[in-house]
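Below: final-v5.txt (compact mmCIF, C-alpha atoms and all ligand atoms)
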# COMPACT_ATOMS: atom_id res chain seq x y z
CA MET T 1 -23.88 29.28 3.20
CA ASP T 2 -21.30 28.45 5.85
CA ILE T 3 -19.14 25.38 5.42
CA ALA T 4 -19.00 22.83 8.25
CA CYS T 5 -15.37 23.14 9.32
CA ASP T 6 -13.39 22.58 12.48
CA LEU T 7 -10.01 22.63 10.75
CA LEU T 8 -9.03 24.74 7.76
CA VAL T 9 -5.79 23.76 6.02
CA LEU T 10 -4.15 26.37 3.80
CA ALA T 11 -1.32 25.67 1.37
CA ASP T 12 0.32 27.39 -1.59
CA VAL T 13 -0.61 24.44 -3.82
CA VAL T 14 -3.35 21.81 -3.49
CA VAL T 15 -3.20 18.83 -5.85
CA THR T 16 -6.76 17.58 -5.54
CA GLN T 17 -6.91 14.44 -7.74
CA ASP T 18 -10.60 15.26 -8.17
CA ASP T 19 -12.49 14.39 -11.37
CA GLU T 20 -10.97 17.38 -13.19
CA ARG T 21 -7.55 16.78 -11.60
CA ARG T 22 -7.58 20.39 -10.43
CA VAL T 23 -4.39 21.89 -9.04
CA ILE T 24 -5.34 24.89 -6.91
CA HIS T 25 -2.88 27.66 -6.12
CA ASP T 26 -3.30 29.49 -2.80
CA GLY T 27 -5.67 26.71 -1.82
CA ALA T 28 -7.81 25.85 1.17
CA VAL T 29 -9.26 22.57 2.42
CA ALA T 30 -12.08 22.61 4.97
CA ILE T 31 -12.35 19.58 7.24
CA HIS T 32 -15.15 18.62 9.59
CA GLY T 33 -14.31 15.69 11.82
CA ASP T 34 -12.89 12.97 9.57
CA THR T 35 -14.26 14.36 6.31
CA ILE T 36 -13.28 16.99 3.77
CA THR T 37 -16.19 19.41 3.40
CA ALA T 38 -14.90 21.94 0.85
CA VAL T 39 -11.91 22.56 -1.40
CA GLY T 40 -11.07 25.72 -3.31
CA THR T 41 -8.96 28.82 -3.29
CA ARG T 42 -8.31 30.52 0.01
CA ALA T 43 -10.35 33.48 -1.18
CA GLU T 44 -13.33 31.21 -1.90
CA ILE T 45 -13.26 29.02 1.19
CA GLU T 46 -11.87 31.10 4.06
CA PRO T 47 -14.81 33.54 4.37
CA LEU T 48 -17.33 30.65 4.47
CA ALA T 49 -15.43 28.38 6.84
CA ASN T 50 -15.77 29.54 10.39
CA ALA T 51 -12.97 27.20 11.45
CA ASP T 52 -12.01 26.49 15.05
CA ARG T 53 -8.44 25.94 13.93
CA VAL T 54 -6.43 27.11 10.92
CA LEU T 55 -3.30 25.32 9.78
CA ASP T 56 -1.46 27.59 7.36
CA LEU T 57 1.28 25.51 5.72
CA GLY T 58 2.53 28.34 3.49
CA ALA T 59 5.07 27.05 0.94
CA ALA T 60 3.68 23.55 0.85
CA MET T 61 2.01 21.24 -1.66
CA LEU T 62 -0.98 19.42 -0.25
CA LEU T 63 -1.74 16.04 -1.83
CA PRO T 64 -4.13 13.20 -1.06
CA GLY T 65 -2.48 10.79 1.36
CA LEU T 66 -0.66 8.13 -0.62
CA VAL T 67 -2.13 4.63 -0.45
CA ASN T 68 0.35 1.77 -0.28
CA ALA T 69 -1.74 -1.01 -1.78
CA HIS T 70 0.65 -3.89 -1.11
CA SER T 71 2.99 -4.47 1.80
CA HIS T 72 4.16 -6.85 4.45
CA VAL T 73 4.94 -4.18 7.00
CA ALA T 74 6.44 -6.39 9.71
CA MET T 75 9.14 -7.32 7.20
CA SER T 76 10.78 -4.04 8.18
CA LEU T 77 12.45 -6.36 10.69
CA PHE T 78 14.32 -8.04 7.83
CA ARG T 79 15.38 -4.94 5.93
CA GLY T 80 18.90 -5.57 4.69
CA LEU T 81 19.05 -9.09 6.12
CA ALA T 82 19.22 -10.87 2.75
CA ASP T 83 19.66 -8.93 -0.47
CA ASP T 84 20.61 -9.65 -4.07
CA LEU T 85 18.85 -13.03 -4.37
CA PRO T 86 16.23 -14.45 -6.77
CA LEU T 87 12.62 -14.58 -5.50
CA MET T 88 12.29 -18.32 -4.84
CA GLU T 89 15.72 -18.64 -3.19
CA TRP T 90 15.15 -15.45 -1.21
CA LEU T 91 11.81 -16.74 0.09
CA SER T 92 12.76 -20.38 0.69
CA ASP T 93 16.25 -19.98 2.14
CA HIS T 94 16.08 -16.63 3.90
CA ILE T 95 12.60 -15.29 4.58
CA TRP T 96 10.43 -18.31 5.38
CA PRO T 97 12.95 -19.90 7.82
CA VAL T 98 13.21 -16.69 9.84
CA GLU T 99 9.47 -16.07 9.77
CA LYS T 100 8.98 -19.39 11.56
CA ARG T 101 10.63 -17.85 14.61
CA LEU T 102 8.63 -14.65 14.77
CA THR T 103 6.86 -13.59 17.94
CA PRO T 104 3.80 -11.35 18.32
CA ARG T 105 5.99 -8.64 19.85
CA MET T 106 8.40 -8.72 16.92
CA VAL T 107 5.55 -8.45 14.39
CA HIS T 108 4.12 -5.53 16.36
CA LEU T 109 7.50 -3.79 16.45
CA GLY T 110 8.12 -4.36 12.75
CA ALA T 111 4.68 -2.95 11.98
CA LEU T 112 5.25 0.09 14.23
CA LEU T 113 8.56 0.80 12.50
CA ALA T 114 6.87 0.57 9.12
CA CYS T 115 4.00 2.81 10.22
CA ALA T 116 6.50 5.42 11.43
CA GLU T 117 8.36 5.26 8.11
CA MET T 118 5.15 5.49 6.09
CA ILE T 119 3.70 8.33 8.16
CA ALA T 120 6.92 10.33 7.80
CA SER T 121 6.84 9.86 4.01
CA GLY T 122 3.22 10.83 3.36
CA THR T 123 1.50 7.43 3.26
CA THR T 124 -1.84 7.44 5.04
CA CYS T 125 -3.16 3.95 4.27
CA PHE T 126 -1.56 0.57 3.66
CA SER T 127 -2.70 -2.91 2.84
CA ASP T 128 -0.94 -5.77 4.53
CA MET T 129 -0.66 -9.54 4.28
CA TYR T 130 1.30 -11.37 6.92
CA LEU T 131 1.30 -13.65 9.97
CA LEU T 132 -0.05 -12.56 13.36
CA GLU T 133 -1.96 -9.85 11.54
CA HIS T 134 -3.84 -8.79 14.66
CA GLU T 135 -0.53 -7.24 15.74
CA VAL T 136 -0.34 -5.26 12.50
CA ALA T 137 -3.91 -4.07 13.01
CA ALA T 138 -3.02 -3.03 16.57
CA ALA T 139 0.03 -1.11 15.30
CA ALA T 140 -2.13 0.72 12.75
CA GLU T 141 -4.65 1.60 15.47
CA ALA T 142 -1.90 2.74 17.85
CA THR T 143 -0.28 5.01 15.26
CA GLY T 144 -3.52 6.35 13.76
CA MET T 145 -2.89 4.93 10.28
CA ARG T 146 -5.54 3.51 8.01
CA ALA T 147 -4.99 -0.15 7.10
CA VAL T 148 -6.47 -3.13 5.30
CA VAL T 149 -5.10 -6.19 7.05
CA ALA T 150 -5.17 -9.89 6.21
CA GLU T 151 -3.77 -13.04 7.75
CA GLY T 152 -2.15 -14.71 4.73
CA VAL T 153 -3.75 -17.93 3.46
CA ILE T 154 -1.14 -20.56 2.71
CA THR T 155 -1.38 -24.36 2.46
CA THR T 156 1.36 -25.31 4.91
CA PRO T 157 0.51 -24.85 8.62
CA THR T 158 1.68 -21.53 10.06
CA MET T 159 2.34 -20.39 13.61
CA THR T 160 -1.22 -19.06 13.76
CA TYR T 161 -3.21 -21.93 12.24
CA ALA T 162 -2.68 -25.67 11.74
CA THR T 163 -5.54 -26.34 9.34
CA PRO T 164 -7.32 -24.30 6.67
CA GLU T 165 -10.47 -24.25 8.83
CA GLU T 166 -8.52 -22.71 11.72
CA GLY T 167 -7.10 -20.15 9.30
CA TYR T 168 -10.53 -19.17 7.99
CA ALA T 169 -11.89 -18.94 11.55
CA LEU T 170 -9.00 -16.64 12.47
CA ILE T 171 -9.70 -14.43 9.44
CA GLU T 172 -13.39 -14.25 10.39
CA ARG T 173 -12.54 -13.30 13.99
CA LEU T 174 -10.24 -10.52 12.80
CA HIS T 175 -12.97 -9.36 10.39
CA ARG T 176 -15.59 -9.22 13.17
CA ARG T 177 -13.15 -7.45 15.52
CA TYR T 178 -12.69 -4.60 13.05
CA ASP T 179 -16.13 -4.52 11.45
CA GLY T 180 -17.19 -0.87 11.35
CA HIS T 181 -13.81 0.40 12.64
CA PRO T 182 -13.02 3.91 11.35
CA LEU T 183 -9.45 3.05 10.29
CA VAL T 184 -8.84 -0.69 10.12
CA SER T 185 -10.65 -3.08 7.79
CA THR T 186 -9.85 -6.61 6.69
CA ALA T 187 -9.43 -8.49 3.44
CA VAL T 188 -8.90 -12.12 2.54
CA MET T 189 -5.44 -12.56 1.05
CA ALA T 190 -4.07 -15.83 -0.28
CA HIS T 191 -0.30 -15.91 -0.65
CA ALA T 192 0.15 -17.15 -4.23
CA VAL T 193 -0.67 -19.95 -6.66
CA TYR T 194 2.57 -21.75 -5.75
CA THR T 195 1.90 -21.76 -1.98
CA THR T 196 -1.89 -21.99 -1.78
CA SER T 197 -3.72 -25.06 -3.09
CA PRO T 198 -6.54 -24.67 -5.62
CA THR T 199 -9.04 -25.76 -2.96
CA MET T 200 -7.78 -23.16 -0.49
CA LEU T 201 -7.78 -20.50 -3.19
CA LYS T 202 -11.42 -21.25 -3.97
CA ASP T 203 -12.43 -21.50 -0.30
CA SER T 204 -10.70 -18.24 0.61
CA PHE T 205 -12.34 -16.49 -2.35
CA ALA T 206 -15.72 -17.79 -1.17
CA LEU T 207 -14.93 -16.53 2.35
CA ALA T 208 -14.16 -13.07 0.93
CA GLY T 209 -17.58 -13.15 -0.72
CA ARG T 210 -19.33 -14.11 2.52
CA LEU T 211 -17.53 -11.33 4.42
CA ASP T 212 -17.98 -8.89 1.51
CA ALA T 213 -14.24 -8.28 1.77
CA PRO T 214 -11.65 -7.77 -0.98
CA PHE T 215 -9.78 -10.87 -2.18
CA MET T 216 -6.12 -10.44 -3.04
CA LEU T 217 -3.04 -12.49 -3.86
CA HIS T 218 0.42 -12.34 -5.43
CA ALA T 219 0.11 -13.45 -9.05
CA ALA T 220 2.38 -13.75 -12.09
CA GLU T 221 5.21 -12.23 -10.10
CA SER T 222 8.04 -13.96 -11.99
CA ALA T 223 8.79 -16.21 -14.97
CA GLU T 224 9.79 -18.90 -12.46
CA GLU T 225 6.32 -18.74 -10.88
CA THR T 226 4.82 -19.21 -14.35
CA ARG T 227 7.08 -22.20 -15.02
CA GLN T 228 6.09 -23.84 -11.71
CA CYS T 229 2.40 -23.14 -12.31
CA VAL T 230 2.51 -24.67 -15.82
CA GLU T 231 4.34 -27.70 -14.42
CA ALA T 232 1.86 -28.18 -11.55
CA PHE T 233 -1.43 -27.25 -13.22
CA GLY T 234 -0.72 -27.15 -16.97
CA MET T 235 -1.66 -23.46 -17.02
CA ARG T 236 -0.08 -20.06 -16.53
CA PRO T 237 -1.04 -18.27 -13.27
CA ILE T 238 -3.77 -16.01 -14.71
CA ALA T 239 -5.35 -18.93 -16.59
CA HIS T 240 -5.14 -21.01 -13.39
CA LEU T 241 -6.99 -18.30 -11.43
CA GLU T 242 -9.56 -17.97 -14.22
CA SER T 243 -10.13 -21.74 -14.24
CA LEU T 244 -10.87 -21.56 -10.51
CA GLY T 245 -13.34 -18.70 -11.06
CA LEU T 246 -11.29 -16.25 -8.99
CA LEU T 247 -11.00 -13.31 -11.39
CA SER T 248 -13.68 -10.81 -10.44
CA PRO T 249 -14.12 -7.16 -9.41
CA ARG T 250 -13.56 -8.37 -5.83
CA THR T 251 -10.08 -9.59 -6.76
CA THR T 252 -6.83 -7.64 -6.69
CA LEU T 253 -3.58 -9.20 -7.93
CA PHE T 254 -0.16 -8.09 -6.72
CA HIS T 255 2.71 -7.71 -9.22
CA CYS T 256 1.44 -9.19 -12.55
CA VAL T 257 4.89 -8.99 -14.13
CA ASP T 258 4.70 -12.08 -16.38
CA VAL T 259 1.38 -11.47 -18.15
CA THR T 260 0.46 -11.66 -21.84
CA MET T 261 -1.76 -9.26 -23.77
CA ASP T 262 -4.56 -11.87 -23.71
CA GLU T 263 -4.22 -12.15 -19.94
CA ILE T 264 -4.31 -8.36 -19.59
CA ALA T 265 -7.50 -8.27 -21.69
CA LEU T 266 -9.02 -10.95 -19.44
CA LEU T 267 -8.18 -8.96 -16.28
CA ALA T 268 -9.86 -5.90 -17.80
CA GLU T 269 -12.93 -7.96 -18.77
CA ARG T 270 -13.24 -9.44 -15.30
CA GLY T 271 -12.77 -6.07 -13.54
CA THR T 272 -9.80 -7.47 -11.60
CA ALA T 273 -7.44 -4.82 -10.23
CA VAL T 274 -3.65 -5.01 -10.18
CA VAL T 275 -1.15 -3.53 -7.72
CA HIS T 276 2.15 -2.59 -9.35
CA CYS T 277 5.27 -3.00 -7.17
CA PRO T 278 8.10 -1.80 -9.42
CA GLU T 279 10.92 -1.51 -6.86
CA SER T 280 10.34 -5.02 -5.47
CA ASN T 281 10.12 -6.37 -9.03
CA MET T 282 13.41 -4.68 -9.85
CA LYS T 283 15.21 -5.73 -6.69
CA LEU T 284 14.21 -9.37 -7.03
CA GLY T 285 15.12 -9.33 -10.71
CA ASN T 286 11.61 -10.31 -11.71
CA GLY T 287 11.38 -8.00 -14.69
CA PHE T 288 9.01 -5.29 -15.85
CA ALA T 289 5.26 -5.28 -15.41
CA PRO T 290 3.51 -4.02 -18.59
CA VAL T 291 1.62 -1.38 -16.64
CA GLN T 292 0.97 1.05 -19.47
CA LYS T 293 -0.56 -1.82 -21.49
CA MET T 294 -2.76 -2.68 -18.52
CA LEU T 295 -3.94 0.92 -18.24
CA ASP T 296 -4.53 1.10 -22.01
CA ALA T 297 -6.63 -2.08 -21.76
CA GLY T 298 -8.74 -0.58 -18.97
CA VAL T 299 -7.25 -2.51 -16.02
CA ARG T 300 -7.40 -0.52 -12.77
CA VAL T 301 -3.88 -0.34 -11.32
CA GLY T 302 -2.71 0.72 -7.85
CA LEU T 303 0.81 1.07 -6.47
CA GLY T 304 2.54 -0.65 -3.56
CA THR T 305 6.00 -1.00 -2.08
CA ASP T 306 5.79 -4.68 -1.10
CA GLY T 307 7.74 -5.49 2.08
CA ALA T 308 10.81 -3.56 3.18
CA ALA T 309 12.96 -6.68 2.77
CA SER T 310 12.51 -6.57 -1.02
CA ASN T 311 12.50 -2.84 -1.68
CA ASN T 312 14.12 -1.73 0.82
CA ASP T 313 12.11 1.35 1.76
CA LEU T 314 8.40 2.10 2.09
CA SER T 315 8.35 5.57 0.52
CA MET T 316 5.50 5.82 -1.95
CA PHE T 317 7.09 8.97 -3.41
CA ARG T 318 10.13 6.95 -4.40
CA GLU T 319 7.87 4.16 -5.64
CA MET T 320 6.06 6.65 -7.90
CA GLY T 321 9.36 7.91 -9.35
CA SER T 322 10.54 4.35 -9.96
CA ALA T 323 7.24 3.32 -11.56
CA ALA T 324 7.43 6.14 -14.10
CA ARG T 325 11.12 5.72 -14.88
CA ILE T 326 11.23 1.93 -15.17
CA GLN T 327 8.28 1.80 -17.58
CA LYS T 328 10.06 4.22 -19.92
CA ALA T 329 13.27 2.19 -19.79
CA TYR T 330 11.36 -1.05 -20.33
CA ARG T 331 9.39 0.26 -23.29
CA GLY T 332 12.16 2.42 -24.76
CA ASP T 333 9.62 5.24 -24.86
CA PRO T 334 9.73 8.30 -22.57
CA SER T 335 6.07 9.10 -23.21
CA VAL T 336 4.65 6.04 -21.41
CA LEU T 337 3.35 6.13 -17.84
CA ASN T 338 3.45 9.90 -17.39
CA GLU T 339 3.48 11.55 -13.98
CA LYS T 340 -0.29 12.01 -13.90
CA SER T 341 -0.90 8.29 -14.47
CA VAL T 342 1.53 7.43 -11.70
CA LEU T 343 -0.03 9.82 -9.18
CA ASP T 344 -3.42 8.37 -10.13
CA MET T 345 -2.08 4.89 -9.36
CA ALA T 346 -0.75 5.90 -5.91
CA THR T 347 -4.00 7.60 -4.92
CA ILE T 348 -7.23 6.72 -6.77
CA GLY T 349 -5.90 3.47 -8.26
CA SER T 350 -4.71 2.09 -4.93
CA ALA T 351 -7.96 3.14 -3.22
CA HIS T 352 -9.89 1.24 -5.90
CA ALA T 353 -7.64 -1.83 -5.53
CA LEU T 354 -8.44 -1.87 -1.81
CA ARG T 355 -12.16 -1.18 -2.38
CA LEU T 356 -11.94 2.04 -0.35
CA PRO T 357 -13.67 4.53 -2.63
CA GLY T 358 -13.65 7.33 -0.04
CA LEU T 359 -9.87 7.71 -0.32
CA GLY T 360 -7.39 9.09 -2.83
CA ARG T 361 -8.81 12.54 -3.54
CA ILE T 362 -8.93 15.91 -1.85
CA ALA T 363 -12.59 16.53 -2.55
CA ALA T 364 -15.76 17.21 -0.55
CA GLY T 365 -17.10 14.03 1.00
CA PHE T 366 -13.77 12.20 0.94
CA ARG T 367 -11.89 11.17 4.08
CA ALA T 368 -9.47 13.81 5.38
CA ASP T 369 -6.33 11.79 4.55
CA MET T 370 -3.65 14.14 3.20
CA CYS T 371 0.06 14.82 3.11
CA ALA T 372 2.04 17.96 2.40
CA LEU T 373 5.46 18.45 0.83
CA ASP T 374 7.75 21.28 1.94
CA MET T 375 8.18 23.20 -1.29
CA SER T 376 11.14 25.13 0.08
CA CYS T 377 13.27 21.97 -0.08
CA PRO T 378 16.06 22.56 -2.62
CA ASN T 379 15.09 19.52 -4.72
CA LEU T 380 11.53 20.83 -5.10
CA MET T 381 12.43 24.31 -6.38
CA PRO T 382 11.60 26.04 -8.65
CA LEU T 383 8.01 24.95 -9.13
CA HIS T 384 6.88 24.56 -12.74
CA ASP T 385 4.60 21.54 -12.52
CA PRO T 386 3.41 20.34 -9.09
CA VAL T 387 2.60 16.77 -10.18
CA SER T 388 5.97 16.40 -11.89
CA GLN T 389 7.66 17.60 -8.71
CA ALA T 390 5.72 15.13 -6.57
CA VAL T 391 6.41 12.14 -8.84
CA TYR T 392 9.92 12.75 -10.17
CA ALA T 393 11.67 14.98 -7.63
CA ALA T 394 10.23 14.18 -4.20
CA THR T 395 11.62 11.28 -2.18
CA GLY T 396 9.23 11.38 0.79
CA GLY T 397 11.83 13.09 3.00
CA GLU T 398 10.22 16.44 2.17
CA VAL T 399 6.92 15.53 3.85
CA ARG T 400 5.92 18.18 6.40
CA LEU T 401 2.47 16.98 7.29
CA THR T 402 0.62 13.67 7.32
CA MET T 403 -3.04 13.58 8.31
CA VAL T 404 -5.36 10.59 8.59
CA ASN T 405 -9.10 10.91 9.18
CA GLY T 406 -8.68 14.58 10.06
CA ARG T 407 -6.01 13.88 12.69
CA VAL T 408 -2.48 15.20 12.27
CA LEU T 409 -0.06 12.29 12.77
CA TYR T 410 3.15 14.01 11.69
CA MET T 411 4.15 17.66 11.49
CA ASP T 412 7.52 19.25 10.76
CA GLY T 413 9.58 16.22 11.73
CA ARG T 414 7.57 15.32 14.84
CA PHE T 415 5.34 12.30 15.30
CA LEU T 416 2.22 13.39 17.15
CA ALA T 417 0.59 9.99 17.63
CA LEU T 418 3.49 7.64 18.27
CA ASP T 419 6.39 7.62 20.70
CA HIS T 420 9.40 7.87 18.42
CA GLU T 421 11.95 7.69 21.22
CA ALA T 422 10.45 4.47 22.56
CA LEU T 423 10.48 3.07 19.02
CA VAL T 424 14.19 3.86 18.66
CA GLU T 425 14.86 1.93 21.87
CA GLU T 426 12.72 -0.99 20.78
CA ALA T 427 14.40 -1.14 17.37
CA ARG T 428 17.64 -1.72 19.27
CA ASP T 429 15.95 -4.74 20.88
CA VAL T 430 15.22 -6.10 17.41
CA ALA T 431 18.85 -5.73 16.37
CA ALA T 432 19.94 -7.45 19.59
CA TRP T 433 17.47 -10.27 18.98
CA VAL T 434 18.92 -10.80 15.49
CA ALA T 435 22.47 -10.68 16.84
CA GLU T 436 21.59 -13.32 19.45
CA GLY T 437 20.53 -15.65 16.66
CA GLY T 438 16.83 -15.10 17.20
CA ILE T 439 16.32 -14.78 13.48
CA CYS T 440 19.16 -16.36 11.53
ZN ZN T 501 4.28 -9.20 -1.49

Kindly present the structure from the file in C-alpha cells form.
Amino acid sequence: MDIACDLLVLADVVVTQDDERRVIHDGAVAIHGDTITAVGTRAEIEPLANADRVLDLGAAMLLPGLVNAHSHVAMSLFRGLADDLPLMEWLSDHIWPVEKRLTPRMVHLGALLACAEMIASGTTCFSDMYLLEHEVAAAAEATGMRAVVAEGVITTPTMTYATPEEGYALIERLHRRYDGHPLVSTAVMAHAVYTTSPTMLKDSFALAGRLDAPFMLHAAESAEETRQCVEAFGMRPIAHLESLGLLSPRTTLFHCVDVTMDEIALLAERGTAVVHCPESNMKLGNGFAPVQKMLDAGVRVGLGTDGAASNNDLSMFREMGSAARIQKAYRGDPSVLNEKSVLDMATIGSAHALRLPGLGRIAAGFRADMCALDMSCPNLMPLHDPVSQAVYAATGGEVRLTMVNGRVLYMDGRFLALDHEALVEEARDVAAWVAEGGIC
C-alpha cells in the first residue's frame, strides 16, 4: 500500500525515539502535510512513498526536534548584561528593574532573536513565561516555531495588569486567541512561591483547570527560596504547593534543585512533571538537581535552558551535554543519567511536561518536527554511537536542518522563514537602546 507522502526525508542515520528507541541506518521519513506518516529504512519506505519532493540529507543524523521546556525567550535582550550573581540579587537588583522598562517591540525583538538561535540549533518547540507574552506568541508565529506561551502570574502589578483579575482576563484572552492554532498554545504559569501569593497560586491553578491548560511554575530552585518559604509559610516549597492542592498531573515544576527524597516521592505520586535546567542552576550557583533520583522514583522530567540571561545560550544540545555531565560530577558516579536518559528528557520528557504528546518522536502519527546534524563535522566523526554523539559531542552548531510541522525553517546555514539580515539590524537597535540607558 502506498504511503501518504508529499516530502520524503532521507538521512544516513535516523534516531527515532520511538517506543523501541530504534536507530535506523540509511533511513527514510515520509511526511504528509504536518504529520510523519512512515519511518523505516530507505529500502523499505522509498518504493512505497510516491513523494512530490525528496530531501536527501546524506551524511546527516535526523533527530526529533528538541523541545525546550522552560525559557524566557525575550531575556535574550539581557544576555551578558549581569553575570556572576546569586539568584535573588540577580533578579531583584538587575533583572526586575530593567524589565519594568520593557516595550512590546523589545519583547518581540528578544523573542525573534531567541527563535533564530533555537531554530539554528535544532529546537523546534519552546515553552515561555514572560511579560507581554502576546509578542512572544507573535514571534513564534512569524518564525514558524512551535510554542507554549504564558503571561507570568505574579502578585505585584506588572506593565500588563494591575490586579489579579486583569491578569487572569489577559491570560484567557491569549488562550482564546490561540485556541486551535497549529503551532502556538497557552499555559498558565505562576512565577514562584516567593513572588505569587497562595491565593493567586490557587486561583491560577483553577484557571488552568477551566482552560484545560498546563499549570507551571518555578519551584525549589534554590536553598534561599526554601529558607524564604519556610520563613513565610512554615513549609518548604513542595510542601507549600501540596498544602494548596497544586501538585497534579496538570502541574509542571521548573528546576526542583532543593528537593528531598520524600518530596521526590510525592511528585511521582501526584504525577507532577519537572523541567531540569542544569546550566541555569549552575550559572546561578543554585546547586544540583537530583534528576537521576527523580527518574528512578518515576517522576517525568523534561529539559529546558531557562532564559538566555542565566545560561547564556539556548542550545538544547549543549543543555543535554551539561545535564549528563553535571549529574555524574554531583553524584560522583559516571553511570548516572546516561545519554539515552538525557535525549529522552529533551524530546519525550519535555513534550510530556508541556502536555504535547504528539511531539518528541520520529514515528508515524507524530508531528513532523525534526532536526538534522551534519555528521561530516569534525567533532561528530567517527560515528560509533549516534545518541552519544548527539548528547556529548554536538553543540547545536552542527545543525543542518530544522523542520517544524513539516515546514523547513532552516537549511544549511540559511533561515527560510525569518529575515536574518533584518534581525541583525534590529539587534543593533537593541544594543543602542541599552547604551542610551533604556535598560540600565
Ligand atoms: Zn525560569

Throw together the list of residues within 8 Å of ligand ZN 501 (chain T), counting all atoms listed in the file, and drop it here as a list in words.
His70, Ser71, His72, Met129, His218, Phe254, Asp306 and Gly307 of chain T

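If you measure from each of T:Asp385, T:Glu263, T:Asp179, T:Glu46 to Met235 (chain T) using all atoms listed in the file, the closest one turns out to be T:Glu263.
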
Write out as an MDAnalysis selection string which residues come within 10 Å of Leu266 (chain T) when counting only C-alpha atoms, dropping same-chain ones fewer than 2 positions away.
chainID T and resid 238:239 242 247 260:264 268:272 297 299

In Å, with one decimal, what is the gap from CA of Gln228 (chain T) to CA of Ser322 (chain T)?
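Result for CA of Gln228 (chain T) versus CA of Ser322 (chain T): 28.6 Å, one decimal.
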
Do a neighbour search on region 168-170 of chain T at 9 Å with only C-alpha atoms, toss out local chain neighbours closer than 6 positions, and write the hits as a list of chain:residue names.
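My list of contacting residues is T:Glu151, T:Val153, T:Thr160, T:Tyr161, T:Asp203, T:Ser204, T:Leu207.
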
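The coordinates place CA of Ala190 (chain T) at 13.3 Å from CA of Arg250 (chain T).
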
For Met61 (chain T), please output as a count of residues only all residues within 8 Å (counting all atoms listed in the file; exclusion window: fewer than 5 positions along the same chain).
10
